[in-house]
Amino acid sequence: MKQQSTIDYLKKLSSSPYDPETPQKHLSVNFFMNIAKILGMRGRLTPHLYKGNNVEKILYEYNNAASFLNILETYLGKDIFNDKTILDVGCGWGGKDIYYCEHTKLKTITGFDIPGVFDSTDALQFASTKNINNCFFTTGYAENIPFENNKFDIVIMEDVLEHVKNPTRVLQECFRVLKRGGKLIVKFPSFKGMLSHHLDRAITMPALHYILSMKIWAQGLNYLLLDPHYKLSYEPFDKIISTPYHKCITQNLNGLDFNHFQAIIRMTSFDIIIMKLMPFIFITKHQIIKPFYNTLWRCKPLREFLSNYILFIGTKSRL
């Protein structure tokens, strides 16, 4: 009964639809959290990770949308969105879609995210303050995209595919709703990346999922939420499950890596334009670290660990 009351308490602290992992004290987790405090590597301060309101989340996404747009312009040209109908699968709180409307010549963009979490009211109000009327929102699941066949010129999916339950089904759905000749653009981190553990609302040190199992991290970090000595306020970590891509991972992730992603793409009908691991730009611009990082990057067995994200661009060449 005591354990269940603890779980119920943690669930009240969380916005996740999943149950939290059972808290358990782990001295190893305590040790790394104390080291992180000394190094200034405790949790990231973003409105998504620290229960900001909808307006704060919209503004955060809006102010950070340029980075993804820059990636698209680098590989597909500055006019990639011109006169195009676009679908954003997993649009977050809508801020980035409003930015795309304001800074490109797209025809329309429609974003959707999961029901019960996403509410478009504040996003539409923010869009109206910018005199934007070609940005639309709805709710739905990526495994069952709520639109008819052959509707969109471009489908984008940024930092979403690592969260879905069935990546194969999601990519098939993206193919279905694309027009012939349309493009799918996907960006997401491989779980094998050094910063892809998704523990960063509590601790931002690299390679944590290589040091301890995700179960130990989830148990230990949830336990610290109950310890008044630490005075921590991040959301609890979800229950640990097994997926086809990873045997021990929090329920809001699937553990997808580059090899598994390549295998899934081969099962789809997309023609591949780009499918590659991308480095950390801020590291490659750092004059002291850059030569060391670039040397390691040339070592293929280390590349996925050193990667920032996977970039995929594919075309629907047939119906």
# chains A, B, ... in the order shown; residues from 1 in each chain; ligands from 1

$ closest_atom_pairs --of "range 138-256 of chain A" --to "range 100-109 of chain A" --cutoff "10 Å" --atoms "only C-alpha atoms" --output "JSON lines"
{"residue": "A:Phe152", "atom": "CA", "partner": "A:Ile109", "partner_atom": "CA", "distance": 9.2}
{"residue": "A:Ile154", "atom": "CA", "partner": "A:Ile109", "partner_atom": "CA", "distance": 9.3}
{"residue": "A:Val155", "atom": "CA", "partner": "A:Ile109", "partner_atom": "CA", "distance": 9.5}

$ select_by_dssp --residues "range 149-315 of chain A" --states "alpha helix (DSSP H)" --output "tab-separated table (two decimals) with N, CA and C atoms, in the first residue's frame"
chain	number	residue	atom	x	y	z
A	167	PRO	N	7.29	2.97	-34.97
A	167	PRO	CA	7.92	3.82	-36.00
A	167	PRO	C	7.61	3.37	-37.43
A	168	THR	N	7.53	2.07	-37.66
A	168	THR	CA	7.23	1.57	-39.00
A	168	THR	C	5.87	2.06	-39.46
A	169	ARG	N	4.88	1.93	-38.60
A	169	ARG	CA	3.53	2.38	-38.92
A	169	ARG	C	3.50	3.89	-39.17
A	170	VAL	N	4.23	4.64	-38.37
A	170	VAL	CA	4.26	6.10	-38.52
A	170	VAL	C	4.80	6.49	-39.89
A	171	LEU	N	5.89	5.87	-40.31
A	171	LEU	CA	6.48	6.19	-41.60
A	171	LEU	C	5.56	5.77	-42.75
A	172	GLN	N	4.86	4.67	-42.59
A	172	GLN	CA	3.87	4.26	-43.59
A	172	GLN	C	2.74	5.28	-43.70
A	173	GLU	N	2.32	5.81	-42.56
A	173	GLU	CA	1.27	6.83	-42.55
A	173	GLU	C	1.76	8.11	-43.22
A	174	CYS	N	3.00	8.49	-42.97
A	174	CYS	CA	3.57	9.67	-43.64
A	174	CYS	C	3.57	9.48	-45.15
A	175	PHE	N	3.93	8.29	-45.60
A	175	PHE	CA	3.92	7.98	-47.03
A	175	PHE	C	2.50	8.10	-47.59
A	176	ARG	N	1.54	7.60	-46.84
A	176	ARG	CA	0.14	7.61	-47.31
A	176	ARG	C	-0.38	9.01	-47.55
A	177	VAL	N	-0.10	9.95	-46.63
A	177	VAL	CA	-0.70	11.29	-46.73
A	177	VAL	C	0.07	12.22	-47.66
A	208	LEU	N	25.09	8.86	-19.99
A	208	LEU	CA	24.55	8.30	-18.75
A	208	LEU	C	23.93	6.92	-18.97
A	209	HIS	N	23.30	6.72	-20.12
A	209	HIS	CA	22.65	5.44	-20.42
A	209	HIS	C	23.66	4.34	-20.75
A	210	TYR	N	24.93	4.72	-20.89
A	210	TYR	CA	25.99	3.73	-21.05
A	210	TYR	C	26.61	3.36	-19.69
A	211	ILE	N	26.45	4.26	-18.72
A	211	ILE	CA	27.06	4.05	-17.39
A	211	ILE	C	26.17	3.18	-16.50
A	214	MET	N	18.80	2.24	-17.78
A	214	MET	CA	17.71	3.21	-17.69
A	214	MET	C	16.79	2.91	-16.52
A	215	LYS	N	16.67	1.66	-16.13
A	215	LYS	CA	15.83	1.32	-14.98
A	215	LYS	C	16.42	1.91	-13.70
A	216	ILE	N	17.74	1.78	-13.53
A	216	ILE	CA	18.38	2.34	-12.35
A	216	ILE	C	18.23	3.86	-12.33
A	217	TRP	N	18.42	4.49	-13.49
A	217	TRP	CA	18.26	5.95	-13.55
A	217	TRP	C	16.83	6.36	-13.20
A	218	ALA	N	15.85	5.69	-13.80
A	218	ALA	CA	14.45	6.07	-13.54
A	218	ALA	C	14.08	5.85	-12.08
A	219	GLN	N	14.50	4.72	-11.51
A	219	GLN	CA	14.21	4.45	-10.11
A	219	GLN	C	14.90	5.46	-9.20
A	220	GLY	N	16.19	5.66	-9.45
A	220	GLY	CA	16.98	6.53	-8.58
A	220	GLY	C	16.58	7.98	-8.65
A	221	LEU	N	16.28	8.48	-9.86
A	221	LEU	CA	15.89	9.88	-10.01
A	221	LEU	C	14.48	10.11	-9.45
A	222	ASN	N	13.60	9.14	-9.58
A	222	ASN	CA	12.28	9.28	-8.96
A	222	ASN	C	12.38	9.26	-7.43
A	223	TYR	N	13.31	8.47	-6.90
A	223	TYR	CA	13.52	8.42	-5.46
A	223	TYR	C	14.00	9.78	-4.93
A	224	LEU	N	14.89	10.42	-5.70
A	224	LEU	CA	15.42	11.71	-5.25
A	224	LEU	C	14.34	12.79	-5.21
A	225	LEU	N	13.29	12.64	-6.05
A	225	LEU	CA	12.18	13.59	-5.99
A	225	LEU	C	11.48	13.56	-4.63
A	258	PHE	N	20.24	4.01	-35.36
A	258	PHE	CA	20.43	4.21	-36.80
A	258	PHE	C	20.22	2.92	-37.58
A	259	ASN	N	20.74	1.81	-37.08
A	259	ASN	CA	20.58	0.54	-37.79
A	259	ASN	C	19.11	0.13	-37.89
A	260	HIS	N	18.39	0.26	-36.78
A	260	HIS	CA	16.97	-0.06	-36.80
A	260	HIS	C	16.20	0.88	-37.73
A	261	PHE	N	16.56	2.14	-37.72
A	261	PHE	CA	15.89	3.11	-38.59
A	261	PHE	C	16.14	2.77	-40.06
A	262	GLN	N	17.37	2.44	-40.40
A	262	GLN	CA	17.67	2.06	-41.78
A	262	GLN	C	16.84	0.85	-42.22
A	263	ALA	N	16.71	-0.13	-41.31
A	263	ALA	CA	15.93	-1.32	-41.62
A	263	ALA	C	14.46	-0.97	-41.86
A	264	ILE	N	13.92	-0.04	-41.05
A	264	ILE	CA	12.53	0.38	-41.23
A	264	ILE	C	12.34	1.09	-42.56
A	265	ILE	N	13.27	1.99	-42.89
A	265	ILE	CA	13.17	2.73	-44.16
A	265	ILE	C	13.18	1.77	-45.34
A	266	ARG	N	13.98	0.72	-45.26
A	266	ARG	CA	14.03	-0.25	-46.36
A	266	ARG	C	12.69	-0.97	-46.55
A	281	ILE	N	26.98	20.65	-34.17
A	281	ILE	CA	27.53	21.84	-34.81
A	281	ILE	C	28.30	22.70	-33.83
A	282	PHE	N	27.78	22.85	-32.58
A	282	PHE	CA	28.46	23.72	-31.62
A	282	PHE	C	29.85	23.18	-31.27
A	283	ILE	N	30.01	21.84	-31.36
A	283	ILE	CA	31.33	21.26	-31.08
A	283	ILE	C	32.26	21.48	-32.26
A	284	THR	N	31.75	21.29	-33.48
A	284	THR	CA	32.60	21.43	-34.67
A	284	THR	C	33.01	22.88	-34.90
A	290	LYS	N	37.27	21.12	-31.65
A	290	LYS	CA	36.96	20.72	-33.03
A	290	LYS	C	37.93	19.67	-33.61
A	291	PRO	N	39.25	19.86	-33.55
A	291	PRO	CA	40.15	18.86	-34.16
A	291	PRO	C	40.01	17.48	-33.52
A	292	PHE	N	39.86	17.44	-32.20
A	292	PHE	CA	39.73	16.16	-31.49
A	292	PHE	C	38.40	15.49	-31.88
A	293	TYR	N	37.32	16.26	-31.87
A	293	TYR	CA	36.00	15.73	-32.22
A	293	TYR	C	35.99	15.23	-33.67
A	294	ASN	N	36.53	16.02	-34.58
A	294	ASN	CA	36.53	15.63	-35.99
A	294	ASN	C	37.34	14.36	-36.23
A	295	THR	N	38.42	14.20	-35.49
A	295	THR	CA	39.22	12.97	-35.61
A	295	THR	C	38.41	11.76	-35.17
A	296	LEU	N	37.72	11.88	-34.05
A	296	LEU	CA	36.88	10.78	-33.57
A	296	LEU	C	35.71	10.54	-34.51
A	297	TRP	N	35.16	11.60	-35.10
A	297	TRP	CA	34.02	11.47	-36.01
A	297	TRP	C	34.38	10.63	-37.24
A	300	LYS	N	34.25	5.41	-37.84
A	300	LYS	CA	32.85	5.03	-38.03
A	300	LYS	C	32.21	4.34	-36.82
A	301	PRO	N	32.94	3.46	-36.10
A	301	PRO	CA	32.30	2.83	-34.93
A	301	PRO	C	31.90	3.81	-33.83
A	302	LEU	N	32.51	5.01	-33.81
A	302	LEU	CA	32.19	6.01	-32.79
A	302	LEU	C	31.17	7.04	-33.27
A	303	ARG	N	30.86	7.03	-34.55
A	303	ARG	CA	30.08	8.12	-35.13
A	303	ARG	C	28.69	8.25	-34.53
A	304	GLU	N	28.03	7.12	-34.33
A	304	GLU	CA	26.67	7.20	-33.78
A	304	GLU	C	26.68	7.72	-32.35
A	305	PHE	N	27.64	7.29	-31.56
A	305	PHE	CA	27.77	7.79	-30.19
A	305	PHE	C	28.01	9.30	-30.18
A	306	LEU	N	28.77	9.79	-31.13
A	306	LEU	CA	29.12	11.21	-31.20
A	306	LEU	C	28.07	12.05	-31.91

$ closest_atom_pairs --of "range 153-225 of chain A" --to "range 85-97 of chain A" --cutoff "10 Å" --atoms "only C-alpha atoms" --output "CSV"
residue,atom,partner,partner_atom,distance
A:Asp153,CA,A:Thr85,CA,5.3
A:Ile154,CA,A:Ile86,CA,4.8
A:Val155,CA,A:Leu87,CA,4.7
A:Ile156,CA,A:Asp88,CA,5.0
A:Met157,CA,A:Val89,CA,5.2
A:Glu158,CA,A:Gly90,CA,7.6
A:Asp159,CA,A:Gly90,CA,8.4
A:Val160,CA,A:Gly90,CA,6.1
A:Leu161,CA,A:Gly90,CA,9.0
A:His163,CA,A:Gly90,CA,9.9
A:Val164,CA,A:Gly90,CA,9.8
A:Val170,CA,A:Val89,CA,9.4
A:Cys174,CA,A:Val89,CA,8.6
A:Val177,CA,A:Leu87,CA,9.0
A:Leu178,CA,A:Leu87,CA,9.0
A:Lys179,CA,A:Thr85,CA,9.9
A:Gly182,CA,A:Ile86,CA,9.8
A:Lys183,CA,A:Ile86,CA,9.7
A:Leu184,CA,A:Leu87,CA,9.6
A:Ile185,CA,A:Asp88,CA,9.8
A:Val186,CA,A:Val89,CA,9.7

$ write_last_selection --atoms "N, CA and C atoms" --output "compact mmCIF listing (two decimals), in the first residue's frame"
# COMPACT_ATOMS: atom_id res chain seq x y z
N ASP A 153 2.23 18.21 -49.61
CA ASP A 153 3.46 18.26 -50.41
C ASP A 153 4.68 17.84 -49.58
N ILE A 154 4.66 18.21 -48.30
CA ILE A 154 5.79 17.94 -47.41
C ILE A 154 5.27 17.50 -46.06
N VAL A 155 5.88 16.47 -45.50
CA VAL A 155 5.62 16.07 -44.11
C VAL A 155 6.91 16.24 -43.34
N ILE A 156 6.86 16.94 -42.21
CA ILE A 156 8.03 17.12 -41.37
C ILE A 156 7.78 16.47 -40.01
N MET A 157 8.85 15.96 -39.43
CA MET A 157 8.74 15.29 -38.13
C MET A 157 10.07 15.53 -37.40
N GLU A 158 10.04 16.44 -36.46
CA GLU A 158 11.26 16.85 -35.74
C GLU A 158 11.21 16.36 -34.30
N ASP A 159 12.18 15.53 -33.92
CA ASP A 159 12.31 15.02 -32.55
C ASP A 159 11.01 14.37 -32.08
N VAL A 160 10.46 13.53 -32.92
CA VAL A 160 9.20 12.83 -32.63
C VAL A 160 9.37 11.32 -32.74
N LEU A 161 10.10 10.85 -33.75
CA LEU A 161 10.11 9.42 -34.07
C LEU A 161 10.67 8.58 -32.93
N HIS A 163 9.88 8.81 -29.96
CA HIS A 163 8.84 8.69 -28.93
C HIS A 163 7.67 7.78 -29.33
N VAL A 164 7.48 7.51 -30.59
CA VAL A 164 6.28 6.80 -31.03
C VAL A 164 6.38 5.31 -30.72
N VAL A 170 4.23 4.64 -38.37
CA VAL A 170 4.26 6.10 -38.52
C VAL A 170 4.80 6.49 -39.89
N CYS A 174 3.00 8.49 -42.97
CA CYS A 174 3.57 9.67 -43.64
C CYS A 174 3.57 9.48 -45.15
N VAL A 177 -0.10 9.95 -46.63
CA VAL A 177 -0.70 11.29 -46.73
C VAL A 177 0.07 12.22 -47.66
N LEU A 178 1.25 11.78 -48.11
CA LEU A 178 2.02 12.59 -49.04
C LEU A 178 1.48 12.46 -50.47
N LYS A 179 1.54 13.56 -51.21
CA LYS A 179 1.26 13.52 -52.63
C LYS A 179 2.41 12.82 -53.35
N GLY A 182 6.01 14.11 -53.21
CA GLY A 182 6.16 14.82 -51.95
C GLY A 182 7.34 14.32 -51.15
N LYS A 183 7.75 15.11 -50.18
CA LYS A 183 8.94 14.80 -49.40
C LYS A 183 8.61 14.61 -47.92
N LEU A 184 9.27 13.63 -47.33
CA LEU A 184 9.25 13.43 -45.88
C LEU A 184 10.59 13.87 -45.32
N ILE A 185 10.55 14.70 -44.28
CA ILE A 185 11.78 15.18 -43.64
C ILE A 185 11.71 14.81 -42.16
N VAL A 186 12.66 13.99 -41.72
CA VAL A 186 12.66 13.47 -40.35
C VAL A 186 13.98 13.80 -39.68

$ closest_residue --among "A:Arg298, A:Lys11, A:Lys187, A:Lys51" --to "Ile71 in chain A" --atoms "only C-alpha atoms"
A:Lys187

$ select_by_dssp --residues "range 86-151 of chain A" --states "strand (DSSP E or B)" --output "PyMOL selection string"
chain A and resi 86-89+108-113+135-139+141+144

$ closest_residue --among "A:Ile273, A:Asn134, A:Glu143, A:Ser233" --to "Asp83 in chain A" --atoms "only C-alpha atoms"
A:Asn134

$ closest_residue --among "A:Thr121, A:Pro228, A:Thr250, A:Lys151" --to "Lys165 in chain A" --atoms "only C-alpha atoms"
A:Thr250

$ residues_around --residues "Ile272 in chain A" --least-positions-apart "3" --cutoff "9 Å" --atoms "only C-alpha atoms" --output "VMD selection string"
chain A and resid 265 275 312 to 315

$ write_last_selection --atoms "N, CA and C atoms" --output "JSON list (two decimals), in the first residue's frame"
[["chain", "number", "residue", "atom", "x", "y", "z"],
["A", 265, "ILE", "N", 13.27, 1.99, -42.89],
["A", 265, "ILE", "CA", 13.17, 2.73, -44.16],
["A", 265, "ILE", "C", 13.18, 1.77, -45.34],
["A", 275, "MET", "N", 20.10, 10.15, -45.78],
["A", 275, "MET", "CA", 19.91, 9.39, -44.55],
["A", 275, "MET", "C", 21.28, 9.28, -43.90],
["A", 312, "PHE", "N", 16.85, 12.33, -42.12],
["A", 312, "PHE", "CA", 16.33, 11.58, -43.26],
["A", 312, "PHE", "C", 15.46, 12.49, -44.11],
["A", 313, "ILE", "N", 15.71, 12.47, -45.42],
["A", 313, "ILE", "CA", 14.86, 13.13, -46.38],
["A", 313, "ILE", "C", 14.55, 12.12, -47.47],
["A", 314, "GLY", "N", 13.28, 11.85, -47.69],
["A", 314, "GLY", "CA", 12.87, 10.89, -48.69],
["A", 314, "GLY", "C", 11.73, 11.41, -49.54],
["A", 315, "THR", "N", 11.57, 10.81, -50.72],
["A", 315, "THR", "CA", 10.55, 11.22, -51.67],
["A", 315, "THR", "C", 9.57, 10.09, -51.94]]

$ atom_distance --atom1 "CA of Ile241 in chain A" --atom2 "CA of His198 in chain A"
15.0 Å

$ residues_around --residues "range 124-130 of chain A" --least-positions-apart "5" --cutoff "8 Å" --atoms "only C-alpha atoms" --output "list in words"
Ile98, Glu102, Cys135 and Phe136 of chain A

$ atom_distance --atom1 "CA of Ile288 in chain A" --atom2 "CA of Gly193 in chain A"
21.7 Å

$ residues_around --residues "Phe32 in chain A" --least-positions-apart "4" --cutoff "12 Å" --atoms "only C-alpha atoms" --output "PyMOL selection string"
chain A and resi 26-28+36-42+202-208+211-212+217+220-221

$ write_last_selection --atoms "C-alpha atoms" --output "tab-separated table (two decimals), in the first residue's frame"
chain	number	residue	atom	x	y	z
A	26	HIS	CA	20.58	3.96	-5.76
A	27	LEU	CA	23.84	5.35	-4.39
A	28	SER	CA	25.29	5.42	-7.91
A	36	ALA	CA	26.43	17.09	-11.81
A	37	LYS	CA	25.62	19.73	-9.22
A	38	ILE	CA	29.31	20.58	-8.82
A	39	LEU	CA	29.79	20.76	-12.60
A	40	GLY	CA	26.60	22.76	-13.16
A	41	MET	CA	25.06	19.89	-15.15
A	42	ARG	CA	21.77	19.46	-13.32
A	202	ALA	CA	17.25	16.01	-14.17
A	203	ILE	CA	20.88	15.65	-15.28
A	204	THR	CA	22.69	16.70	-18.48
A	205	MET	CA	25.93	14.72	-18.28
A	206	PRO	CA	26.70	12.72	-21.47
A	207	ALA	CA	26.61	8.92	-21.89
A	208	LEU	CA	24.55	8.30	-18.75
A	211	ILE	CA	27.06	4.05	-17.39
A	212	LEU	CA	23.90	2.75	-15.68
A	217	TRP	CA	18.26	5.95	-13.55
A	220	GLY	CA	16.98	6.53	-8.58
A	221	LEU	CA	15.89	9.88	-10.01

$ atom_distance --atom1 "CA of Thr22 in chain A" --atom2 "CA of Gly255 in chain A"
20.3 Å

$ closest_residue --among "A:Leu45, A:Phe137, A:Leu256, A:Asn144" --to "Thr243 in chain A" --atoms "only C-alpha atoms"
A:Leu256

$ closest_atom_pairs --of "range 9-105 of chain A" --to "range 236-239 of chain A" --cutoff "9 Å" --atoms "only C-alpha atoms" --output "JSON lines"
{"residue": "A:Leu10", "atom": "CA", "partner": "A:Pro236", "partner_atom": "CA", "distance": 6.2}
{"residue": "A:Lys11", "atom": "CA", "partner": "A:Pro236", "partner_atom": "CA", "distance": 7.5}
{"residue": "A:Leu13", "atom": "CA", "partner": "A:Pro236", "partner_atom": "CA", "distance": 6.9}
{"residue": "A:Ser14", "atom": "CA", "partner": "A:Pro236", "partner_atom": "CA", "distance": 6.0}
{"residue": "A:Ser16", "atom": "CA", "partner": "A:Asp238", "partner_atom": "CA", "distance": 7.6}
{"residue": "A:Tyr18", "atom": "CA", "partner": "A:Asp238", "partner_atom": "CA", "distance": 6.2}
{"residue": "A:Asp19", "atom": "CA", "partner": "A:Lys239", "partner_atom": "CA", "distance": 5.8}
{"residue": "A:Pro20", "atom": "CA", "partner": "A:Asp238", "partner_atom": "CA", "distance": 4.2}
{"residue": "A:Glu21", "atom": "CA", "partner": "A:Lys239", "partner_atom": "CA", "distance": 3.8}
{"residue": "A:Thr22", "atom": "CA", "partner": "A:Lys239", "partner_atom": "CA", "distance": 7.3}

$ write_last_selection --atoms "N, CA and C atoms" --output "PDB file, in the first residue's frame"
ATOM      1  N   LEU A  10       3.758  10.439  -7.191  1.00  0.00           N
ATOM      2  CA  LEU A  10       4.610  10.786  -8.332  1.00  0.00           C
ATOM      3  C   LEU A  10       3.771  11.054  -9.585  1.00  0.00           C
ATOM      4  N   LYS A  11       2.707  10.294  -9.749  1.00  0.00           N
ATOM      5  CA  LYS A  11       1.853  10.471 -10.915  1.00  0.00           C
ATOM      6  C   LYS A  11       1.202  11.848 -10.910  1.00  0.00           C
ATOM      7  N   LEU A  13       2.566  14.481  -9.907  1.00  0.00           N
ATOM      8  CA  LEU A  13       3.591  15.451 -10.276  1.00  0.00           C
ATOM      9  C   LEU A  13       3.862  15.474 -11.773  1.00  0.00           C
ATOM     10  N   SER A  14       3.357  14.480 -12.478  1.00  0.00           N
ATOM     11  CA  SER A  14       3.720  14.269 -13.881  1.00  0.00           C
ATOM     12  C   SER A  14       2.599  14.671 -14.824  1.00  0.00           C
ATOM     13  N   SER A  16       2.760  13.214 -17.804  1.00  0.00           N
ATOM     14  CA  SER A  16       2.813  12.057 -18.696  1.00  0.00           C
ATOM     15  C   SER A  16       1.569  11.191 -18.521  1.00  0.00           C
ATOM     16  N   TYR A  18       1.654   8.066 -18.791  1.00  0.00           N
ATOM     17  CA  TYR A  18       2.137   6.771 -18.321  1.00  0.00           C
ATOM     18  C   TYR A  18       2.376   6.784 -16.810  1.00  0.00           C
ATOM     19  N   ASP A  19       2.413   5.593 -16.235  1.00  0.00           N
ATOM     20  CA  ASP A  19       2.747   5.467 -14.825  1.00  0.00           C
ATOM     21  C   ASP A  19       4.246   5.710 -14.616  1.00  0.00           C
ATOM     22  N   PRO A  20       4.618   6.307 -13.485  1.00  0.00           N
ATOM     23  CA  PRO A  20       6.041   6.496 -13.190  1.00  0.00           C
ATOM     24  C   PRO A  20       6.704   5.197 -12.745  1.00  0.00           C
ATOM     25  N   GLU A  21       8.006   5.113 -12.951  1.00  0.00           N
ATOM     26  CA  GLU A  21       8.772   3.969 -12.472  1.00  0.00           C
ATOM     27  C   GLU A  21       8.824   3.985 -10.944  1.00  0.00           C
ATOM     28  N   THR A  22       8.786   2.817 -10.342  1.00  0.00           N
ATOM     29  CA  THR A  22       8.827   2.715  -8.883  1.00  0.00           C
ATOM     30  C   THR A  22      10.135   3.294  -8.345  1.00  0.00           C
TER      31      THR A  22
END
